[in-house]
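Asker: This is the structure I have questions about; it appears just below.
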Amino acid sequence: MRILFIGDIFGGVGRKAVKTLLPDLKKKFDPTFILVNGENAAGGRGITAAIAKELYEQGVHGITLGNHTWDNKDIFNFIDDDERMIRPANYPPGTPGKGFTVLRNASGKELALVNVMGRTFLPPIDCPFQTVDGILDKLKKKHKYIFVDFHAEATSEKIAMGWHLDGKVSAVVGTHTHVQTNDERILPKGTAYLTDVGMTGPRDGVLGMEREAVLQKFKTQLPVRFTADEGKWQFHAVVVTLDNDTGLAKKIELIRRFETEMIFE
Ligand SMILES: [Fe+2]
Ligand SMILES: [Fe+2]
């Protein structure tokens, strides 16, 4: 079992990066499942049904989200019906959508996918640790391959979640900060861990947004409208290889590519 997870796809530039690189990555890694974080896929803010469809057609099996889940109102039209898309599980009960799902690929293999969100420097939602424990109680009896996207700002909260889930899930990867960390490892009890996968989108803005507006905001503190940057892309992902007997991790590899340095190994 091998899983390719692509970090926060940002706007049209990020979608172009995925379209450009995915055929090559499929060939190189032969992933059993392809996952993406899609919270910024629609111009940096949320995701639409059309964009989700476009990703599924390229071979994406599952989509996770984050604090930008609700930014594009189209989400309310389809999230309840999309079995392959999840939003953070620790939103209050009754929130549209779901926080975990079981994906099935063409050859019948199953992968449980979980999305939780940190609450340090993010909206104060339910406890991600308790929420994930509740989900694992449900999943553990039937599933050995469990992949967790922990969408969080604070490095400490993400590392803590890694330790909390070590030995209980296949992998815990962080999303949200849009900058890839180089601390990938397999924790002592067998869970693959990475603090942040990084963003797939424009490289020369600020976290995906056009940089002049962000600079103006920092310098003046006046209200400024941010727009998605339209420049060249960067691509960030992670590949996790799992043991077929235990479901735990054997290998974790980072992927980082730039439009300006198209290198295909
Ligand atoms: Fe993001
Ligand atoms: Fe986010």
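Order determines the names: the first chain of the structure tokens is A, the second B, and so forth; residues in each chain are numbered 1 upward, and ligands are numbered 1 upward as they are shown.
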Which residues are close to region 28-32 of chain A, i.e. within 10 Å by only C-alpha atoms, leaving aside same-chain residues fewer than 2 positions away? Reply as an MDAnalysis selection string.

Answerer: chainID A and resid 1:5 22:26 34:35 61 104:107 109:111 239:241 264:265

Asker: List every residue of region 38-97 of chain A that DSSP, applied to the backbone of this structure, assigns to alpha helix (DSSP H), and report them as a list in words.

Answerer: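 Residues of region 38-97 of chain A classed as alpha helix (DSSP H): Ala49, Ala50, Ile51, Ala52, Lys53, Glu54, Leu55, Tyr56, Glu57, Ile75, Phe76, Asn77 and Phe78 of chain A.
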
Asker: Include N, CA and C atoms and write out the residues we just selected as a PDB file, in the first residue's frame.

Answerer:
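For reference, result34.pdb as written:
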ATOM      1  N   ALA A  49     -17.764  22.057  -6.644  1.00  0.00           N
ATOM      2  CA  ALA A  49     -18.072  20.714  -7.154  1.00  0.00           C
ATOM      3  C   ALA A  49     -17.309  20.465  -8.453  1.00  0.00           C
ATOM      4  N   ALA A  50     -17.204  21.484  -9.301  1.00  0.00           N
ATOM      5  CA  ALA A  50     -16.521  21.334 -10.592  1.00  0.00           C
ATOM      6  C   ALA A  50     -15.034  21.023 -10.387  1.00  0.00           C
ATOM      7  N   ILE A  51     -14.427  21.693  -9.424  1.00  0.00           N
ATOM      8  CA  ILE A  51     -12.994  21.449  -9.158  1.00  0.00           C
ATOM      9  C   ILE A  51     -12.791  20.055  -8.573  1.00  0.00           C
ATOM     10  N   ALA A  52     -13.672  19.653  -7.670  1.00  0.00           N
ATOM     11  CA  ALA A  52     -13.573  18.307  -7.089  1.00  0.00           C
ATOM     12  C   ALA A  52     -13.669  17.254  -8.196  1.00  0.00           C
ATOM     13  N   LYS A  53     -14.609  17.462  -9.102  1.00  0.00           N
ATOM     14  CA  LYS A  53     -14.807  16.525 -10.219  1.00  0.00           C
ATOM     15  C   LYS A  53     -13.529  16.425 -11.061  1.00  0.00           C
ATOM     16  N   GLU A  54     -12.958  17.590 -11.345  1.00  0.00           N
ATOM     17  CA  GLU A  54     -11.717  17.649 -12.135  1.00  0.00           C
ATOM     18  C   GLU A  54     -10.590  16.855 -11.442  1.00  0.00           C
ATOM     19  N   LEU A  55     -10.515  16.953 -10.126  1.00  0.00           N
ATOM     20  CA  LEU A  55      -9.475  16.222  -9.388  1.00  0.00           C
ATOM     21  C   LEU A  55      -9.750  14.713  -9.407  1.00  0.00           C
ATOM     22  N   TYR A  56     -10.999  14.332  -9.187  1.00  0.00           N
ATOM     23  CA  TYR A  56     -11.342  12.903  -9.213  1.00  0.00           C
ATOM     24  C   TYR A  56     -11.045  12.306 -10.593  1.00  0.00           C
ATOM     25  N   GLU A  57     -11.324  13.078 -11.642  1.00  0.00           N
ATOM     26  CA  GLU A  57     -11.085  12.580 -13.007  1.00  0.00           C
ATOM     27  C   GLU A  57      -9.597  12.357 -13.285  1.00  0.00           C
ATOM     28  N   ILE A  75     -19.855  24.696  -1.631  1.00  0.00           N
ATOM     29  CA  ILE A  75     -19.616  23.509  -0.791  1.00  0.00           C
ATOM     30  C   ILE A  75     -20.916  22.981  -0.178  1.00  0.00           C
ATOM     31  N   PHE A  76     -21.816  23.900   0.175  1.00  0.00           N
ATOM     32  CA  PHE A  76     -23.062  23.471   0.837  1.00  0.00           C
ATOM     33  C   PHE A  76     -23.972  22.689  -0.106  1.00  0.00           C
ATOM     34  N   ASN A  77     -23.731  22.817  -1.416  1.00  0.00           N
ATOM     35  CA  ASN A  77     -24.555  22.089  -2.394  1.00  0.00           C
ATOM     36  C   ASN A  77     -24.145  20.630  -2.553  1.00  0.00           C
ATOM     37  N   PHE A  78     -22.921  20.290  -2.166  1.00  0.00           N
ATOM     38  CA  PHE A  78     -22.492  18.916  -2.472  1.00  0.00           C
ATOM     39  C   PHE A  78     -21.765  18.168  -1.370  1.00  0.00           C
TER      40      PHE A  78
END

Asker: Neighbouring residues of ligand 2 are defined here as those with any atom at most 8 Å from a ligand atom, counting only C-alpha atoms and all ligand atoms; list them as a PyMOL selection string.

Answerer: chain A and resi 8+39-40+65-68+151-153+175-177

Asker: I'd like the contact shell of Ala213 (chain A) - 8 Å cut-off, only C-alpha atoms, skipping same-chain residues fewer than 6 positions apart - returned as a PyMOL selection string.

Answerer: chain A and resi 224-227

Asker: So, with only C-alpha atoms and all ligand atoms as the atoms that count, which of A:Gly94, A:Gly59, A:Gly208, A:Pro123 lies closest to ligand 1?

Answerer: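 Of A:Gly94, A:Gly59, A:Gly208, A:Pro123, the one nearest ligand 1 is A:Gly208, counting only C-alpha atoms and all ligand atoms.
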
Asker: CA of Gly190 (chain A) and CA of Val18 (chain A) are how many Å apart?

Answerer: 29.3 Å

Asker: For ligand 1, return the neighbouring residues as a short mmCIF file (atom, residue, chain, number, x, y, z; two decimals) with N, CA and C atoms, in the first residue's frame (distance at most 12 Å; only C-alpha atoms and all ligand atoms).

Answerer:
data_model
loop_
_atom_site.label_atom_id
_atom_site.label_comp_id
_atom_site.auth_asym_id
_atom_site.auth_seq_id
_atom_site.Cartn_x
_atom_site.Cartn_y
_atom_site.Cartn_z
N ILE A 6 -1.00 15.13 -1.62
CA ILE A 6 -0.58 16.44 -2.14
C ILE A 6 -1.09 17.54 -1.21
N GLY A 7 -0.16 18.42 -0.79
CA GLY A 7 -0.52 19.48 0.15
C GLY A 7 -1.35 20.58 -0.48
N ASP A 8 -2.04 21.33 0.36
CA ASP A 8 -3.00 22.38 0.01
C ASP A 8 -2.88 22.88 -1.44
N ILE A 9 -3.80 22.45 -2.27
CA ILE A 9 -3.83 22.90 -3.67
C ILE A 9 -4.43 24.30 -3.69
N PHE A 10 -3.65 25.26 -4.20
CA PHE A 10 -4.06 26.67 -4.12
C PHE A 10 -4.38 27.22 -5.52
N GLY A 11 -5.67 27.46 -5.76
CA GLY A 11 -6.11 28.17 -6.96
C GLY A 11 -5.77 27.46 -8.27
N GLY A 14 -2.19 26.11 -8.61
CA GLY A 14 -1.98 24.82 -7.94
C GLY A 14 -2.59 23.67 -8.72
N VAL A 36 -5.53 14.55 -1.64
CA VAL A 36 -5.12 15.96 -1.71
C VAL A 36 -5.83 16.74 -0.61
N ASN A 37 -5.18 17.82 -0.16
CA ASN A 37 -5.91 18.80 0.64
C ASN A 37 -6.40 19.86 -0.34
N GLY A 38 -7.72 20.09 -0.36
CA GLY A 38 -8.31 20.98 -1.35
C GLY A 38 -8.92 22.25 -0.79
N GLU A 39 -8.54 22.64 0.43
CA GLU A 39 -9.23 23.78 1.06
C GLU A 39 -9.02 25.12 0.34
N ASN A 40 -7.95 25.21 -0.49
CA ASN A 40 -7.68 26.47 -1.20
C ASN A 40 -7.82 26.34 -2.71
N ALA A 41 -8.45 25.27 -3.16
CA ALA A 41 -8.43 24.94 -4.59
C ALA A 41 -9.17 25.95 -5.46
N ALA A 42 -10.19 26.61 -4.91
CA ALA A 42 -10.96 27.60 -5.69
C ALA A 42 -10.44 29.01 -5.38
N GLY A 43 -9.46 29.46 -6.16
CA GLY A 43 -8.93 30.82 -5.98
C GLY A 43 -8.39 31.08 -4.58
N GLY A 44 -7.95 30.04 -3.90
CA GLY A 44 -7.42 30.19 -2.54
C GLY A 44 -8.47 30.02 -1.46
N ARG A 45 -9.73 30.06 -1.85
CA ARG A 45 -10.79 30.04 -0.84
C ARG A 45 -11.81 28.94 -1.11
N GLY A 46 -11.65 27.82 -0.43
CA GLY A 46 -12.63 26.74 -0.54
C GLY A 46 -12.48 25.92 -1.82
N ILE A 47 -13.53 25.18 -2.13
CA ILE A 47 -13.52 24.29 -3.28
C ILE A 47 -14.93 24.23 -3.86
N THR A 64 -9.26 16.17 1.48
CA THR A 64 -9.44 16.71 2.82
C THR A 64 -9.54 18.24 2.72
N LEU A 65 -10.02 18.86 3.80
CA LEU A 65 -10.20 20.32 3.78
C LEU A 65 -9.59 20.92 5.06
N GLY A 66 -10.08 22.09 5.46
CA GLY A 66 -9.51 22.75 6.64
C GLY A 66 -10.33 23.96 7.02
N ASN A 67 -9.64 25.00 7.52
CA ASN A 67 -10.37 26.19 7.98
C ASN A 67 -11.01 26.97 6.83
N HIS A 68 -10.61 26.69 5.58
CA HIS A 68 -11.23 27.37 4.43
C HIS A 68 -12.39 26.57 3.81
N THR A 69 -12.80 25.51 4.49
CA THR A 69 -13.85 24.62 3.95
C THR A 69 -15.07 25.37 3.43
N ASP A 71 -15.46 28.64 2.59
CA ASP A 71 -15.24 29.93 1.93
C ASP A 71 -15.98 30.06 0.61
N MET A 117 -8.73 19.26 12.84
CA MET A 117 -8.12 20.59 12.78
C MET A 117 -7.62 20.99 14.16
N ASP A 149 -5.02 13.59 8.15
CA ASP A 149 -4.57 14.95 7.81
C ASP A 149 -4.92 15.83 9.00
N PHE A 150 -3.88 16.30 9.71
CA PHE A 150 -4.09 17.19 10.86
C PHE A 150 -3.83 18.62 10.38
N HIS A 151 -4.91 19.35 10.19
CA HIS A 151 -4.84 20.70 9.63
C HIS A 151 -4.64 21.68 10.78
N ALA A 152 -3.43 22.14 10.97
CA ALA A 152 -3.17 22.94 12.16
C ALA A 152 -2.05 23.94 11.93
N GLU A 153 -2.07 24.99 12.73
CA GLU A 153 -1.11 26.08 12.62
C GLU A 153 0.14 25.83 13.47
N GLY A 174 0.65 16.91 8.51
CA GLY A 174 0.07 18.22 8.75
C GLY A 174 -0.17 18.95 7.45
N THR A 175 -1.20 19.81 7.47
CA THR A 175 -1.43 20.75 6.38
C THR A 175 -1.73 22.10 7.01
N HIS A 176 -1.92 23.11 6.18
CA HIS A 176 -2.35 24.46 6.58
C HIS A 176 -1.26 25.53 6.55
N THR A 177 -0.03 25.23 6.96
CA THR A 177 0.94 26.34 7.02
C THR A 177 1.49 26.69 5.64
N HIS A 178 1.30 25.80 4.66
CA HIS A 178 1.71 26.04 3.27
C HIS A 178 3.22 26.01 3.06
N VAL A 179 3.96 25.65 4.09
CA VAL A 179 5.42 25.54 3.95
C VAL A 179 5.82 24.12 4.36
N GLN A 180 6.51 23.42 3.45
CA GLN A 180 6.87 22.03 3.76
C GLN A 180 7.96 21.98 4.83
N ASP A 196 4.31 19.39 8.20
CA ASP A 196 3.48 20.01 7.16
C ASP A 196 3.93 19.58 5.77
N VAL A 197 2.96 19.21 4.96
CA VAL A 197 3.24 18.74 3.61
C VAL A 197 3.67 19.91 2.72
N GLY A 198 3.18 21.11 3.01
CA GLY A 198 3.48 22.27 2.16
C GLY A 198 2.38 22.49 1.14
N MET A 199 2.45 23.60 0.45
CA MET A 199 1.37 24.02 -0.45
C MET A 199 1.73 23.74 -1.91
N THR A 200 0.70 23.46 -2.70
CA THR A 200 0.85 23.29 -4.14
C THR A 200 0.12 24.44 -4.81
N GLY A 201 0.89 25.44 -5.22
CA GLY A 201 0.29 26.65 -5.77
C GLY A 201 1.36 27.65 -6.11
N VAL A 206 2.56 35.25 -1.17
CA VAL A 206 2.71 34.96 0.26
C VAL A 206 1.68 33.91 0.61
N LEU A 207 2.10 32.68 0.79
CA LEU A 207 1.23 31.54 1.08
C LEU A 207 0.15 31.35 0.01
N GLY A 208 0.40 31.84 -1.19
CA GLY A 208 -0.55 31.67 -2.30
C GLY A 208 -1.16 32.98 -2.77
N MET A 209 -1.24 33.96 -1.88
CA MET A 209 -1.82 35.24 -2.25
C MET A 209 -0.77 36.15 -2.91
#

Asker: Quick one: residues within 10 Å of Glu184 (chain A), only C-alpha atoms counted, chain neighbours fewer than 2 positions away excluded, as a PDB file with N, CA and C atoms, in the first residue's frame?

Answerer:
ATOM      1  N   VAL A 173      -0.100  13.440   8.765  1.00  0.00           N
ATOM      2  CA  VAL A 173       0.610  14.536   8.111  1.00  0.00           C
ATOM      3  C   VAL A 173      -0.120  15.839   8.389  1.00  0.00           C
ATOM      4  N   GLN A 180       6.508  23.415   3.454  1.00  0.00           N
ATOM      5  CA  GLN A 180       6.869  22.027   3.762  1.00  0.00           C
ATOM      6  C   GLN A 180       7.965  21.979   4.827  1.00  0.00           C
ATOM      7  N   THR A 181       7.773  21.112   5.806  1.00  0.00           N
ATOM      8  CA  THR A 181       8.802  20.915   6.834  1.00  0.00           C
ATOM      9  C   THR A 181       9.660  19.711   6.443  1.00  0.00           C
ATOM     10  N   ASN A 182      10.881  19.664   6.934  1.00  0.00           N
ATOM     11  CA  ASN A 182      11.739  18.522   6.563  1.00  0.00           C
ATOM     12  C   ASN A 182      11.970  17.588   7.743  1.00  0.00           C
ATOM     13  N   ILE A 186       9.503   8.093  10.682  1.00  0.00           N
ATOM     14  CA  ILE A 186       8.584   7.071  11.174  1.00  0.00           C
ATOM     15  C   ILE A 186       8.765   7.033  12.684  1.00  0.00           C
ATOM     16  N   LEU A 187       7.694   7.282  13.413  1.00  0.00           N
ATOM     17  CA  LEU A 187       7.745   7.325  14.878  1.00  0.00           C
ATOM     18  C   LEU A 187       7.991   5.911  15.420  1.00  0.00           C
ATOM     19  N   ALA A 192       3.931   6.993  10.286  1.00  0.00           N
ATOM     20  CA  ALA A 192       4.662   7.994   9.506  1.00  0.00           C
ATOM     21  C   ALA A 192       4.195   9.380   9.936  1.00  0.00           C
ATOM     22  N   TYR A 193       5.144  10.295  10.078  1.00  0.00           N
ATOM     23  CA  TYR A 193       4.797  11.641  10.564  1.00  0.00           C
ATOM     24  C   TYR A 193       5.516  12.725   9.762  1.00  0.00           C
ATOM     25  N   LEU A 194       4.775  13.808   9.473  1.00  0.00           N
ATOM     26  CA  LEU A 194       5.354  15.004   8.854  1.00  0.00           C
ATOM     27  C   LEU A 194       4.578  16.212   9.372  1.00  0.00           C
ATOM     28  N   THR A 195       5.282  17.229   9.855  1.00  0.00           N
ATOM     29  CA  THR A 195       4.588  18.394  10.430  1.00  0.00           C
ATOM     30  C   THR A 195       3.765  19.145   9.398  1.00  0.00           C
ATOM     31  N   ASP A 196       4.313  19.391   8.205  1.00  0.00           N
ATOM     32  CA  ASP A 196       3.480  20.015   7.162  1.00  0.00           C
ATOM     33  C   ASP A 196       3.927  19.576   5.767  1.00  0.00           C
ATOM     34  N   VAL A 197       2.960  19.211   4.963  1.00  0.00           N
ATOM     35  CA  VAL A 197       3.242  18.739   3.606  1.00  0.00           C
ATOM     36  C   VAL A 197       3.672  19.906   2.715  1.00  0.00           C
ATOM     37  N   VAL A 238       3.790  14.251  -0.241  1.00  0.00           N
ATOM     38  CA  VAL A 238       4.502  13.242   0.541  1.00  0.00           C
ATOM     39  C   VAL A 238       4.032  11.861   0.083  1.00  0.00           C
ATOM     40  N   LYS A 251       8.066   3.542   5.026  1.00  0.00           N
ATOM     41  CA  LYS A 251       8.890   4.569   4.382  1.00  0.00           C
ATOM     42  C   LYS A 251       8.076   5.857   4.228  1.00  0.00           C
ATOM     43  N   ILE A 252       8.724   6.990   4.388  1.00  0.00           N
ATOM     44  CA  ILE A 252       8.069   8.278   4.104  1.00  0.00           C
ATOM     45  C   ILE A 252       9.037   9.152   3.308  1.00  0.00           C
ATOM     46  N   GLU A 253       8.551   9.683   2.190  1.00  0.00           N
ATOM     47  CA  GLU A 253       9.404  10.473   1.286  1.00  0.00           C
ATOM     48  C   GLU A 253       8.728  11.804   0.956  1.00  0.00           C
ATOM     49  N   LEU A 254       9.505  12.864   0.930  1.00  0.00           N
ATOM     50  CA  LEU A 254       8.963  14.174   0.565  1.00  0.00           C
ATOM     51  C   LEU A 254       9.102  14.413  -0.937  1.00  0.00           C
TER      52      LEU A 254
END

Asker: Could you list, as a list in words, every residue within 7 Å of Gly162 (chain A), counting only C-alpha atoms and ignoring same-chain residues fewer than 4 positions away?

Answerer: Lys158, Asp166, Val172 and Tyr193 of chain A

Asker: Enumerate, as a ChimeraX atom specification, the complete set of residues in region 25-194 of chain A that a backbone-based DSSP assignment places in strand (DSSP E or B).

Answerer: /A:33-37,62-64,85,100-104,110-117,146-151,171-175,185-186,192-194

Asker: I want to know what sits within 12 Å of region 132-142 of chain A, based on only C-alpha atoms, with residues of the same chain fewer than 6 positions away left out; could you give that as a PyMOL selection string?

Answerer: chain A and resi 88-91+98-102+110-118+126+148-150+161-162+164-165+167-170+172+247

Asker: Any idea what the distance is between CA of Leu103 (chain A) and CA of Thr191 (chain A)?

Answerer: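 One can read the CA of Leu103 (chain A) to CA of Thr191 (chain A) distance as 19.5 Å.
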